[in-house]
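Report on the structure given below.
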Amino acid sequence: MAANAMLFRLLLSFLCYLFVIMVPLQVSALDPYNCDNGRGNYTTNSAYDNNLNTVLSSFLNHTEINYGYYNLSHGQNADKAYVRGLCRGDLEPDECRKRLNDSAFYLKKQCPNQKEAIVWAGDCTVWYSNRSIFGVTETQPTQWLIYLRNITGPADEFDQVLSNLMRNLKDKAASGDSRRKYASNNVTTDYTTLYGLVQCMADLTGAQCNDCLESAISEIPSCCEGRMGGNVLKPSCRLRFDPYRFFNETTVIDPIQVQPPSPSTNNTTSEGKSNTAKIVIAITVPVVLVALVLGFICICLIVRKQKHFVEIKSGQDHDEDEITIAQSLQFNFDTIRVATNDFSDSSKLGQGGFGAVYRGELSNGQVIAVKRLSGNSDQGDAEFKNEVLLVAKLQHRNLVRLLGFSLEGRERLLVYEFLPNKSLDYFIFDPLRKAQLDGEMRFNIIKGIARGLVYLHEDSRLRIIHRDLKASNILLDEEMNPKIADFGMARLFVVDQTQGNTKRIVGTYGYMAPEYAMHGHFSVKSDVFSFGVLVLEIVSGLKNNNAIHQGENAEYLLSFAWRNWREGTATNVIDPSLNSISADEIIRCIHIGLLCVQENLADRPNMASVALMLNSYSLSLPVPSKPAFFMENTTESLLAMQLSEDDSRATRSTESTSKSVRESVNEASITELSAR
């Protein structure tokens with residue numbers, strides 16, 4: 001029987017391994033945290049700081065823990081550091097330890113000298129203090145995250161269904177053992193399917209977990225009244241509900257081994273043997289049954305996910321049907337028309353490749369940005385529907401949030417959150433405004449863009465390649481945090497797909513990777529190339545398509561940056577207005593940018609590696625090779641290229657097989673047919 005149980009556990013592990021490969025984990029876009037200034041502060045390299053660093057860096061070392069909960073401590077007396085680390089119940093052990101390590105690094109940076117702090121990442125919690133926090137229940141501070149989509153059915157019915165779901169999950173989680181107190185499930189009504197999960201710190205008693213979750217559930221009406229989703233985050237517990245599946249199957253942990261009482265050497269009766277056999281059977285049979293059920297569920301979910309990808313692909317031929325998935329986001333056209341003062345010029349924020357963007361204000365006072373697609377654009381409908389379908393599924397703090405859309409006749413409107421500080425190019429390419437972006441701001445902008453791309457490429461429910469990443473598509477909120485915008489050209493990938501090709505080359509020349517601009521081949525490395533160009537622009541304050549003149553010589557940004565980095569004069573690339581920032585930090589950004597714009601896509605790092613390079617100064621960087629589109633810095637070569645461009649513009653043909661890469665004059669997104 002024991003051998004059979006082991007066999008089933010191995011089978012289950014293999015099935016769930018396949019499941020994890022095919023179904024990427026949903027990671028929350030928001031990382032709320034709290035730095036407790038009331039618990040005291042510490043200084044760098046103090047005893048507490050060293051103890052805290054030691055215990056926070058130890059998550060990766062505890063490979064014997066496979067159930068997602070860590071309560072660790074290090075040090076003595078008042079300088080002792082205590083840490084609680086908790087992963088969601090659907091994370092595999094290796095992934096859990098990695099997420100906890102990343103969250104600990106993030107929290108230490110956000111709270112650089114507070115002795116107590118906590119961060120609630122999308123699928124894990126890290127909480128540290130100089131006091132013992134093990135086995136205690138704390139419900140403050142509390143953070144709320146709200147999904148702004150309104151409920152679609154009767155409010156009373158929705159509230160009752162939600163309440164029943166949460167309380168059932170609460171009871172199940174509270175009954176967990178000292179390794180895991182977690183539960184997730186879903187319920188279907190006439191109007192929607194609702195998914196939910198709850199979790200407590202595993203070292204709480206059942207009563208403590210019950211009380212903490214009861215407190216969280218009681219706050220749902222205050223935080224999320226009338227909304228389809230929300231999070232209530234507390235130090236000792238958390239809950240979440242949404243109208244879409246955001247969790248995977250709960251990972252399986254080994255059952256607690258219950259040793260039967262050893263019979264006396266003088267009393268080995270048949271009754272004792274019978275009792276031992278009963279205990280073994282009582283333990284083994286449920287394990288086998290659970291393994292079978294979970295294995296069946298894993299297989300069903302794999303098939304369901306594969307079917308989902310097929311439906312997305314086939315849906316490209318049925319755009320009108322696809323748009324129905326976002327009907328709950330639809331705005332009345334007259335509402336938007338009134339909000340934008342009938343799309344008046346005074347409300348206009350700018351003009352893009354597919355139409356104008358307007359500022360609007362709804363009747364409730366909410367300020368919005370409205371993208372109105374051009375009525376005479378042949379590509380308008382397809383781009384519009386693509387953007388709705390993609391962006392409606394994406395939620396990340398470094399992506400512009402789609403609030404809704406409107407369809408009426410030929411009018412195609414997209415309604416976004418309003419970001420008051422316009423786009424990145426508004427600042428970095430203006431001689432006066434660029435001074436408002438100091439070195440720290442620019443570095444944070446670079447890291448924020450990287451986080452957004454990591455989410456698109458690896459962490460979102462769908463793998464997405466943006467294909468038009470550029471300075472004008474990076475918007476800035478009131479705190480100058482970057483948000484990637486304009487997904488009208490984004491391309492959807494299935495999970496195990498690594499690259500693709502297209503007959504239409506879309507995007508902005510100068511930001512395009514060479515394999516895409518010349519042959520139509522695109523992959524996540526295409527976005528990496530665009531990111532590298534963007535990094536060099538942010539650091540230098542120079543446009544990639546403007547010639548840089550030095551005496552009689554002239555060259556473009558990529559060549560200019562590469563030559564100076566190779567000659568040891570990389571400081572020449574740094575924007576002169578950056579006077580108060582460490583040159584080493586900026587030169588590291590230049591180094592990373594050059595790694596991203598290498599001609600061979602295999603040499604370019606992926607965005608997860610880039611994010612790690614930006615956050616870890618102890619990580620050594622490889623030597624970059626020559627960038628794509630490298631040109632020697634001579635006036636003659638520059639002049640020859642410009643003449644070639646002028647000639648190609650005058651004789652543009654979709655059948656040309658020797659079309660050179662050209663910059664769009666006004667940086668508007670352009671679409672051309674690739675060579676055939």
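Following the order of the structure tokens, chains are lettered A, B, ..., residues in each are numbered from 1, and ligands are numbered from 1.
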| message | Need the shell around Asp425 in chain A: protein/DNA/RNA residues with any atom at most 9 Å away, counting only C-alpha atoms. Skip same-chain ones fewer than 2 positions apart. Format as a list in words? | response |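 So the residues in contact are Lys422, Ser423, Phe427, Ile428, Phe429, Asp430, Lys470, Ala471, Ser472, Asn473, Ile474, Leu475 and Ile538 of chain A.
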| message | Excluding Phe105 in chain A and its own-chain neighbours fewer than 3 positions away, which residues fall within 10 Å of it when counting only C-alpha atoms? Please give them as JSON, numbers by chain. | response | {"A": [53, 56, 57, 99, 100, 101, 102, 108, 109, 110, 615, 616]}
Store the residues of this selection in a file with N, CA and C atoms, as an mmCIF file, in the first residue's frame.
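Generated output (selection_28.cif):
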```
data_model
loop_
_atom_site.group_PDB
_atom_site.id
_atom_site.type_symbol
_atom_site.label_atom_id
_atom_site.label_comp_id
_atom_site.auth_asym_id
_atom_site.auth_seq_id
_atom_site.Cartn_x
_atom_site.Cartn_y
_atom_site.Cartn_z
ATOM 1 N N ASN A 53 19.161 41.115 7.617
ATOM 2 C CA ASN A 53 19.656 40.697 6.303
ATOM 3 C C ASN A 53 19.910 39.196 6.267
ATOM 4 N N LEU A 56 16.431 37.376 6.204
ATOM 5 C CA LEU A 56 15.693 37.596 4.957
ATOM 6 C C LEU A 56 16.332 36.862 3.788
ATOM 7 N N SER A 57 17.646 36.695 3.833
ATOM 8 C CA SER A 57 18.329 36.019 2.727
ATOM 9 C C SER A 57 18.278 34.504 2.848
ATOM 10 N N ARG A 99 9.769 33.974 -4.809
ATOM 11 C CA ARG A 99 8.878 35.119 -4.624
ATOM 12 C C ARG A 99 9.113 35.772 -3.261
ATOM 13 N N LEU A 100 9.297 34.948 -2.235
ATOM 14 C CA LEU A 100 9.562 35.505 -0.907
ATOM 15 C C LEU A 100 10.869 36.278 -0.889
ATOM 16 N N ASN A 101 11.877 35.742 -1.549
ATOM 17 C CA ASN A 101 13.166 36.428 -1.610
ATOM 18 C C ASN A 101 13.032 37.776 -2.310
ATOM 19 N N ASP A 102 12.320 37.796 -3.442
ATOM 20 C CA ASP A 102 12.114 39.051 -4.175
ATOM 21 C C ASP A 102 11.309 40.044 -3.346
ATOM 22 N N LYS A 108 12.635 45.634 1.987
ATOM 23 C CA LYS A 108 13.798 46.257 2.624
ATOM 24 C C LYS A 108 14.124 47.586 1.948
ATOM 25 N N LYS A 109 13.908 47.638 0.644
ATOM 26 C CA LYS A 109 14.185 48.882 -0.077
ATOM 27 C C LYS A 109 13.135 49.940 0.222
ATOM 28 N N GLN A 110 11.865 49.534 0.328
ATOM 29 C CA GLN A 110 10.802 50.508 0.584
ATOM 30 C C GLN A 110 10.826 50.997 2.028
ATOM 31 N N ASN A 615 18.050 45.567 -10.220
ATOM 32 C CA ASN A 615 17.820 45.559 -8.774
ATOM 33 C C ASN A 615 18.973 44.978 -7.974
ATOM 34 N N SER A 616 19.903 44.316 -8.633
ATOM 35 C CA SER A 616 20.996 43.668 -7.911
ATOM 36 C C SER A 616 22.331 44.173 -8.454
#
```
| message | Taking only C-alpha atoms into account, name the residue in A:Leu456, A:Val528, A:Leu432, A:Ile336 that is nearest to Glu411 in chain A. | response |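 Among A:Leu456, A:Val528, A:Leu432, A:Ile336, it is A:Ile336 that comes nearest to Glu411 in chain A.
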| message | As an exercise, work out the distance from CA of Leu612 in chain A to CA of Ala450 in chain A in Å and give it to one decimal place. | response |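 Between CA of Leu612 in chain A and CA of Ala450 in chain A the gap works out to 9.6 Å.
CA of Arg433 in chain A is positioned 27.2 Å from CA of Ala611 in chain A.
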| task | List every residue of range 537-627 of chain A that DSSP, applied to the backbone of this structure, assigns to strand (DSSP E), and report them as a list in words. | result | Ile548, His549, Gln550, Asn553, Ala554 and Glu555 of chain A
Generate a file of the selected residues that holds N, CA and C atoms, formatted as a short mmCIF file (atom, residue, chain, number, x, y, z; two decimals), in the first residue's frame.
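Writing the result to out.cif gives the following:
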```
data_model
loop_
_atom_site.label_atom_id
_atom_site.label_comp_id
_atom_site.auth_asym_id
_atom_site.auth_seq_id
_atom_site.Cartn_x
_atom_site.Cartn_y
_atom_site.Cartn_z
N ILE A 548 23.60 62.80 -33.80
CA ILE A 548 24.39 63.47 -32.77
C ILE A 548 25.66 63.97 -33.43
N HIS A 549 25.83 65.26 -33.48
CA HIS A 549 26.97 65.87 -34.18
C HIS A 549 28.06 66.21 -33.19
N GLN A 550 29.29 65.81 -33.53
CA GLN A 550 30.47 66.18 -32.77
C GLN A 550 31.53 66.62 -33.76
N ASN A 553 31.86 64.95 -37.32
CA ASN A 553 31.30 63.61 -37.21
C ASN A 553 29.86 63.64 -36.71
N ALA A 554 29.10 62.65 -37.11
CA ALA A 554 27.71 62.53 -36.66
C ALA A 554 27.33 61.06 -36.62
N GLU A 555 26.53 60.70 -35.66
CA GLU A 555 26.08 59.32 -35.54
C GLU A 555 24.77 59.30 -34.76
#
```
| task | Name the residues in contact with range 357-368 of chain A at a cut-off of 8 Å, using only C-alpha atoms, excluding same-chain residues fewer than 4 positions from it; report them as a list in words. | result |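 Neighbouring residues, sequence-local ones excluded: Thr335, Ile336, Ala339, Thr340, Asn341, Phe343, Ser347, Lys348, Leu349, Gly350, Gln351, Gly352, Arg372, Val415, Tyr416, Glu417 and Phe418 of chain A.
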Can I get the selected residues back with N, CA and C atoms, as a CSV table (one decimal), in the first residue's frame?
```csv
chain,number,residue,atom,x,y,z
A,335,THR,N,-22.6,59.7,-22.8
A,335,THR,CA,-21.9,59.9,-21.5
A,335,THR,C,-20.5,60.4,-21.8
A,336,ILE,N,-19.8,59.8,-22.7
A,336,ILE,CA,-18.4,60.2,-23.0
A,336,ILE,C,-18.4,61.5,-23.8
A,339,ALA,N,-18.8,64.1,-21.3
A,339,ALA,CA,-17.6,64.2,-20.4
A,339,ALA,C,-16.4,64.9,-21.1
A,340,THR,N,-16.3,64.8,-22.4
A,340,THR,CA,-15.2,65.5,-23.2
A,340,THR,C,-15.6,66.8,-23.8
A,341,ASN,N,-16.8,67.3,-23.4
A,341,ASN,CA,-17.3,68.6,-24.0
A,341,ASN,C,-17.4,68.5,-25.5
A,343,PHE,N,-16.0,66.4,-27.4
A,343,PHE,CA,-14.7,66.2,-28.1
A,343,PHE,C,-14.1,67.5,-28.6
A,347,SER,N,-10.3,70.1,-24.9
A,347,SER,CA,-10.2,68.8,-24.1
A,347,SER,C,-9.1,67.9,-24.7
A,348,LYS,N,-8.6,68.2,-25.9
A,348,LYS,CA,-7.7,67.3,-26.6
A,348,LYS,C,-6.3,67.3,-25.9
A,349,LEU,N,-5.9,66.1,-25.6
A,349,LEU,CA,-4.6,65.9,-25.0
A,349,LEU,C,-3.5,65.6,-26.0
A,350,GLY,N,-3.8,65.0,-27.1
A,350,GLY,CA,-2.8,64.7,-28.1
A,350,GLY,C,-3.4,63.9,-29.3
A,351,GLN,N,-2.5,63.7,-30.3
A,351,GLN,CA,-3.0,63.0,-31.5
A,351,GLN,C,-2.0,61.8,-31.7
A,352,GLY,N,-2.6,60.6,-31.8
A,352,GLY,CA,-1.7,59.4,-32.0
A,352,GLY,C,-1.9,58.8,-33.4
A,372,ARG,N,-10.1,58.3,-29.0
A,372,ARG,CA,-11.1,58.2,-30.1
A,372,ARG,C,-10.4,57.8,-31.4
A,415,VAL,N,-11.7,54.1,-23.0
A,415,VAL,CA,-11.7,55.0,-21.8
A,415,VAL,C,-10.7,54.4,-20.8
A,416,TYR,N,-9.7,55.3,-20.5
A,416,TYR,CA,-8.6,54.9,-19.6
A,416,TYR,C,-8.5,55.8,-18.4
A,417,GLU,N,-7.8,55.3,-17.4
A,417,GLU,CA,-7.5,56.2,-16.3
A,417,GLU,C,-6.7,57.4,-16.8
A,418,PHE,N,-6.9,58.5,-16.2
A,418,PHE,CA,-6.3,59.7,-16.6
A,418,PHE,C,-4.9,59.9,-15.8
```
| task | Measuring atom to atom with only C-alpha atoms, identify which of A:Gly510, A:Gly89, A:Pro235, A:Gly153 is nearest to Trp127 in chain A. | result | A:Pro235
| query | Hey, what's within 8 Å of Ser129 in chain A if we count only C-alpha atoms and toss same-chain stuff fewer than 3 positions away? As a PyMOL selection string, please? | reply | chain A and resi 81-83+115-117+132-133
How would the residues just chosen look if you wrote them out with N, CA and C atoms as a PDB file, in the first residue's frame?
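Dumped to again02.pdb:
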```
ATOM      1  N   ALA A  81      15.967  39.530  15.029  1.00  0.00           N
ATOM      2  CA  ALA A  81      15.041  39.795  13.920  1.00  0.00           C
ATOM      3  C   ALA A  81      14.131  38.584  13.719  1.00  0.00           C
ATOM      4  N   TYR A  82      12.833  38.847  13.622  1.00  0.00           N
ATOM      5  CA  TYR A  82      11.826  37.809  13.406  1.00  0.00           C
ATOM      6  C   TYR A  82      11.180  38.029  12.039  1.00  0.00           C
ATOM      7  N   VAL A  83      10.974  36.959  11.285  1.00  0.00           N
ATOM      8  CA  VAL A  83      10.378  37.071   9.954  1.00  0.00           C
ATOM      9  C   VAL A  83       9.315  35.995   9.771  1.00  0.00           C
ATOM     10  N   LYS A 115      12.191  49.079  11.850  1.00  0.00           N
ATOM     11  CA  LYS A 115      12.427  47.749  12.405  1.00  0.00           C
ATOM     12  C   LYS A 115      11.279  46.787  12.127  1.00  0.00           C
ATOM     13  N   GLU A 116      10.100  47.316  11.856  1.00  0.00           N
ATOM     14  CA  GLU A 116       8.978  46.431  11.523  1.00  0.00           C
ATOM     15  C   GLU A 116       8.340  46.900  10.231  1.00  0.00           C
ATOM     16  N   ALA A 117       8.048  45.954   9.339  1.00  0.00           N
ATOM     17  CA  ALA A 117       7.439  46.277   8.049  1.00  0.00           C
ATOM     18  C   ALA A 117       6.780  45.026   7.496  1.00  0.00           C
ATOM     19  N   SER A 132       8.753  39.363  18.803  1.00  0.00           N
ATOM     20  CA  SER A 132       8.244  38.065  18.380  1.00  0.00           C
ATOM     21  C   SER A 132       6.842  38.222  17.791  1.00  0.00           C
ATOM     22  N   ILE A 133       6.707  37.853  16.531  1.00  0.00           N
ATOM     23  CA  ILE A 133       5.412  37.963  15.844  1.00  0.00           C
ATOM     24  C   ILE A 133       4.857  36.578  15.509  1.00  0.00           C
TER      25      ILE A 133
END
```
| said: With distances taken over only C-alpha atoms, which residue among A:Gly541, A:Gly229, A:Gly355, A:Gly196 lies nearest Asp438 in chain A? | reply: A:Gly541
| query | Restricting the calculation to only C-alpha atoms, which member of A:Asn544, A:Ser346, A:Asn444, A:Ser620 is positioned closest to Leu558 in chain A? | reply |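 Between A:Asn544, A:Ser346, A:Asn444, A:Ser620, the residue approaching Leu558 in chain A most closely is A:Asn544.
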